[in-house]
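Heads up, the thing below is written out as structure tokens.
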Amino acid sequence: MWSRWAFLFASLIFFAAPVAAVAQSSPSHSLLAVCEGDGCLLWEFHGGHATGTFPDGAIASLTIEQFPQSESGAVTIRRADTSGVGKGITGTYTGTRKGSIIEGKLSWTWPGHPDGNADWIAVMLTDTVHTAPAAAHPFIPIPSSLSVCEDGHGCSMWTFNGKTGAIPGLANLSVERFDNTVVAVRRQEVAGTLKGLEALYVGLRRGNKVDGVATWKWSGQPPVGILGWHATLPSPAAPSEVAAAQPAPAASSELPPGLPIEKLVDVVKPDEVLRDQPPPPAQWQPKKTVAAFDLNGTWEAQGLPAGQSETISVFQLRDHLVATTIKTTVRDEQYFSPGTIRFRATVTGPDSASGQFEDEDMGAYTIIDAFDTVIKPTGPDDFQTSQSLMGNHVNDFHYHRISANRVEDIPCETSNPHHIFRDEALQRGDIYLLENDPLTANCWFYSAAAEGNSDARAEYGRSLHDGRGLPVNLPLGIRWIQRAAMDGSVRASGYMSILFTGGGLPPSKQRHNYWLARYLGTNPMVIHDNHHNSKWTWMDDTVLPCSPSNPKHVNGGDALKMGRVAYEAQSFQIAHCWLRISAEQGDMTAWTYLGIMSAFGMGVETNEKNAFGYMYHAAREKNVYAMVYLANFYRIGIGVGASDANAQIIMNAATDRPGGEDAFMRVEGTFVSPSKALFVGMNLLEATVVDELQCPASPAHFEYHGNLRVWVPASKPAGCTSPESDRIMSRIKIDGPNQFSTPEELYPENPFHDF
């Protein structure tokens, strides 16, 4: 039976099923890996009945009504929620079994709520790849590489040579089925702290897309969990998504064709080799807890108004508690995302703890007030929080435990002999920071980072950068933070914004704004709606390792996205690799980036001829940023003889095109964002009022000179000045830097929200 969801986003789930259960596939004893809208979980049926514990904390009774013994046929499973957020829901899973895969629809009713439906998919957790004769599932060509993404855990590159393959340096792979319907691959970890872990990846193929679930277990042990996975098979031709939207080439009479890209050969600078710096052994000591209670587990708020619910997860260790949101529909907190920290607290006695709601460093942007919080258990599976602000009581919340989780206080070793999963290792590191024990915290961060947790990588990088329990190593700390940011770490995005404001990387207002926007847009502590820190799709872009031969057959649009993020992280060698791949597929924005990098030696040796070649080609294709940059190349003489006349002709042509004036203002440093424009307008209004009060103008009037009537316009008294008005006007200078005088601000597009 399931004890709890160990963490969110279709992660590992722990249970105690006998090994023999995995080998059964009859309705009387079946084990299904099921994924639906809320994530993935295991159902273990005995005699056609099972109990399911869902990611949102719901617990349901499941009954098989129809299930084929053969490899095909209809499946019907009834569901009735007995407790949790959906108590009272009744639903029916209907689907069709095709070999090891079942897929179909879930339809449900809930008194007092609208009816609903969702897709679901399941995998029979048996050795189903062998349940039919091999001739029934002939192999098709297996690609030499495959990019595989796991829900909540990022992506990795799998390489194959026939039916055998590898994840370099981590795992061996064995293809057991690969046809037009099902892909099945076994994975065995051969290195690192997960050495010995085995997994079976089974997916349903739709065209060149594969979606499925993976089941994990230690050798000789029962399965320890499942997660969803997805892959895209390479197509014979993967046209650039961006190039298709580019304007038609200009007539050769305007600009003759430039050099083809194969003639523009850049010399990539060698990336600095930095020696790894593992943490020193942590001097761990067991700690006798003050608490007479254990709140580890999943909790549901009680006594909320009708239609509102909240489910949280509590992690308790060494007299510290951290509670995070799993799901909430509480009206005042409807913007909380999964992972939002509800409170941090420290045990103050056998039956109490106190702390505060989380208040991030960038508190001006967060939505969580620093309420003082007192936590008191009211029963073995109940506790309440009392909140106050500045000594005034605000409200109380009551919670009931719906599943428990066991957490042991154990020493940290970077080899991770206790097999602590990476997300829990990060939580342990955070707890030890609260304990003012950065040595042990760094050990847990290092262990979690080694297994792929990008937030842990960001924290270890910060420790190297700040000297937090480690000798200061600025270059290596920055490298760790850069890599974590490119992997999508929220914490690293915040740290990057600081690095670009004097924190160790060359100051750049543009890059600071980019990473600050990503931090605010992806941080669950921040409001995300149409009026507050909207989350844009580019904020989720991440970067994979790059090879110039593009063995993954990444299309030009995706290569541009990865090159852009690496460029913003100032990881120029990786940026150049992806941008070159994008440019080879015809993306003009990528050509423009390459022109900038060649002109200013970003990741490649400075080559003004190449810079001109890249920029000329993109300008000929009417990319307005390239046209503005090319005009500056002519004005300054970068890769071509200086010519103000040619510069003016090209600049005029650029500003006449849609988006050209915007590109001109951004490059020349005269662009004003909407928020800045509002600031300027308000100050102009204030300055005008002050000026009129201190230097009132004589109103317009007529004067008579003899019989001649003369109109005299309004005018200020001679010599009158308003120091206060001048002071206000001094605040609204346009301070945008000209990009060519500050190369750190060079940025050849505007896909982002104006900060």
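Note on naming: chains are A, B, ... as they come in the structure tokens, residues start from 1 per chain, ligands start from 1 in the order shown.
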Review point. Hey, what's within 7 Å of segment 286-302 of chain A if we count only C-alpha atoms and toss same-chain stuff fewer than 5 positions away? As a PyMOL selection string, please?
Key: chain A and resi 309-316+318-319+347+349-351+397-406
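By only C-alpha atoms, and with residues fewer than 3 positions from Asp396 of chain A along its chain excluded, the set lying at most 8 Å from it is Gln384, Thr385, Ser386 and Gln387 of chain A.
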**Study point:** Test item: residues at most 9 Å from Ala569 of chain A, only C-alpha atoms, excluding those fewer than 2 positions along its chain, as number ranges by chain
**Key:** A: 482-483, 485-486, 496, 511, 515, 564-567, 571-572, 575
Take the selection from the previous step and output its residues with C-alpha atoms, as an mmCIF file, in the first residue's frame.
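Output below, filename result28.cif:
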data_model
loop_
_atom_site.group_PDB
_atom_site.id
_atom_site.type_symbol
_atom_site.label_atom_id
_atom_site.label_comp_id
_atom_site.auth_asym_id
_atom_site.auth_seq_id
_atom_site.Cartn_x
_atom_site.Cartn_y
_atom_site.Cartn_z
ATOM 1 C CA GLN A 482 25.274 29.578 -14.684
ATOM 2 C CA ARG A 483 24.720 25.878 -15.339
ATOM 3 C CA ALA A 485 20.225 28.795 -14.414
ATOM 4 C CA MET A 486 20.445 27.243 -17.876
ATOM 5 C CA MET A 496 22.211 35.453 -11.869
ATOM 6 C CA ARG A 511 21.010 40.614 -18.502
ATOM 7 C CA TRP A 515 17.223 36.923 -15.156
ATOM 8 C CA ARG A 564 19.530 32.689 -26.435
ATOM 9 C CA VAL A 565 19.438 31.415 -22.838
ATOM 10 C CA ALA A 566 23.158 30.515 -22.942
ATOM 11 C CA TYR A 567 23.917 33.968 -24.400
ATOM 12 C CA SER A 571 28.035 30.921 -21.453
ATOM 13 C CA PHE A 572 29.170 32.015 -24.884
ATOM 14 C CA ALA A 575 25.516 29.846 -27.057
#
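Within the 6 Å cut-off around His230 of chain A, using only C-alpha atoms and omitting residues fewer than 4 positions from it on the same chain, the listed residues are Val148, Cys149, Val210 and Asp211 of chain A.
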Just to be explicit: take each residue in the selection above, keep C-alpha atoms, and write the result as a compact mmCIF listing (two decimals), in the first residue's frame.
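Okay, this is what ended up in selection09.txt:
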# COMPACT_ATOMS: atom_id res chain seq x y z
CA VAL A 148 14.53 11.95 -23.22
CA CYS A 149 12.75 14.24 -20.77
CA VAL A 210 6.81 8.97 -27.49
CA ASP A 211 4.98 9.35 -24.16
Review point. Could you pull out the alpha helix (DSSP H) residues of segment 252-440 of chain A from DSSP and send them as a PyMOL selection string?
Key: chain A and resi 422-434+438-440
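Atom CA of Pro280 of chain A is positioned 15.0 Å from atom CA of Gly461 of chain A.
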Exercise for review: Could you give me, as a VMD selection string, the residues within 10 Å of Trp110 of chain A, counting only C-alpha atoms and dropping anything in the same chain fewer than 2 positions from it?
Suggested key: chain A and resid 81 86 to 91 108 112 to 116
Would you mind exporting the chosen residues as a compact mmCIF listing (two decimals), in the first residue's frame, restricted to C-alpha atoms?
# COMPACT_ATOMS: atom_id res chain seq x y z
CA ASP A 81 -13.12 8.93 -3.73
CA GLY A 86 -12.29 15.06 -3.90
CA LYS A 87 -14.36 13.12 -1.38
CA GLY A 88 -17.62 12.15 -3.04
CA ILE A 89 -16.26 11.97 -6.59
CA THR A 90 -17.35 8.95 -8.62
CA GLY A 91 -15.68 8.27 -11.93
CA TRP A 108 -16.34 11.84 -13.28
CA GLY A 112 -22.22 20.32 -6.35
CA HIS A 113 -19.50 20.60 -9.01
CA PRO A 114 -19.45 20.44 -12.82
CA ASP A 115 -18.84 17.05 -14.40
CA GLY A 116 -15.41 16.55 -15.95
Practice item. Determine, counting only C-alpha atoms, which protein, DNA and RNA residues have an atom within 10 Å of an atom of Asn161 of chain A; residues of the same chain fewer than 6 positions away are not included. Present the result as a ChimeraX atom specification. Key: /A:142-145,174
Check your understanding: Do you have the atom CA of Arg635 of chain A-atom CA of Tyr747 of chain A distance handy?
Key ->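 Taking atom CA of Arg635 of chain A as the start and atom CA of Tyr747 of chain A as the end point, the length is 18.7 Å.
Relative to atom CA of Val182 of chain A, atom CA of Leu204 of chain A is found at 4.9 Å.
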Check your understanding: For Ala80 of chain A, which residue out of A:Thr94, A:Ser30, A:Thr109, A:Ser454 is the nearest one, using only C-alpha atoms?
Key ->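 Of A:Thr94, A:Ser30, A:Thr109, A:Ser454, the one nearest Ala80 of chain A is A:Thr109, counting only C-alpha atoms.
Minimum atom-to-atom distance to Leu264 of chain A, evaluated using only C-alpha atoms, belongs to A:Met615 out of A:Met615, A:Ala645, A:Ala653, A:Leu544.
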Practice item. Would you list, as number ranges by chain, the residues of segment 269-316 of chain A that end up in strand (DSSP E) under DSSP run on this structure's backbone? Key: A: 297-302, 310-316
May I have the selected residues written with C-alpha atoms, as a PDB file, in the first residue's frame?
ATOM      1  CA  GLY A 297       3.593  13.907   5.723  1.00  0.00           C
ATOM      2  CA  THR A 298       0.766  15.333   3.622  1.00  0.00           C
ATOM      3  CA  TRP A 299      -1.887  17.477   5.304  1.00  0.00           C
ATOM      4  CA  GLU A 300      -5.292  18.831   4.365  1.00  0.00           C
ATOM      5  CA  ALA A 301      -6.737  22.081   5.719  1.00  0.00           C
ATOM      6  CA  GLN A 302      -9.943  21.692   7.740  1.00  0.00           C
ATOM      7  CA  GLU A 310      -5.649  23.324   0.620  1.00  0.00           C
ATOM      8  CA  THR A 311      -3.155  20.454   0.712  1.00  0.00           C
ATOM      9  CA  ILE A 312       0.386  20.956   2.031  1.00  0.00           C
ATOM     10  CA  SER A 313       3.479  18.837   2.581  1.00  0.00           C
ATOM     11  CA  VAL A 314       5.514  19.134   5.809  1.00  0.00           C
ATOM     12  CA  PHE A 315       9.178  18.145   6.054  1.00  0.00           C
ATOM     13  CA  GLN A 316      10.469  17.969   9.656  1.00  0.00           C
TER      14      GLN A 316
END
**Study point:** Contact residues around Val604 of chain A with only C-alpha atoms at 9 Å, ignoring same-chain residues under 6 positions, as a PyMOL selection string
**Key:** chain A and resi 266-270+572-573+576+597-598
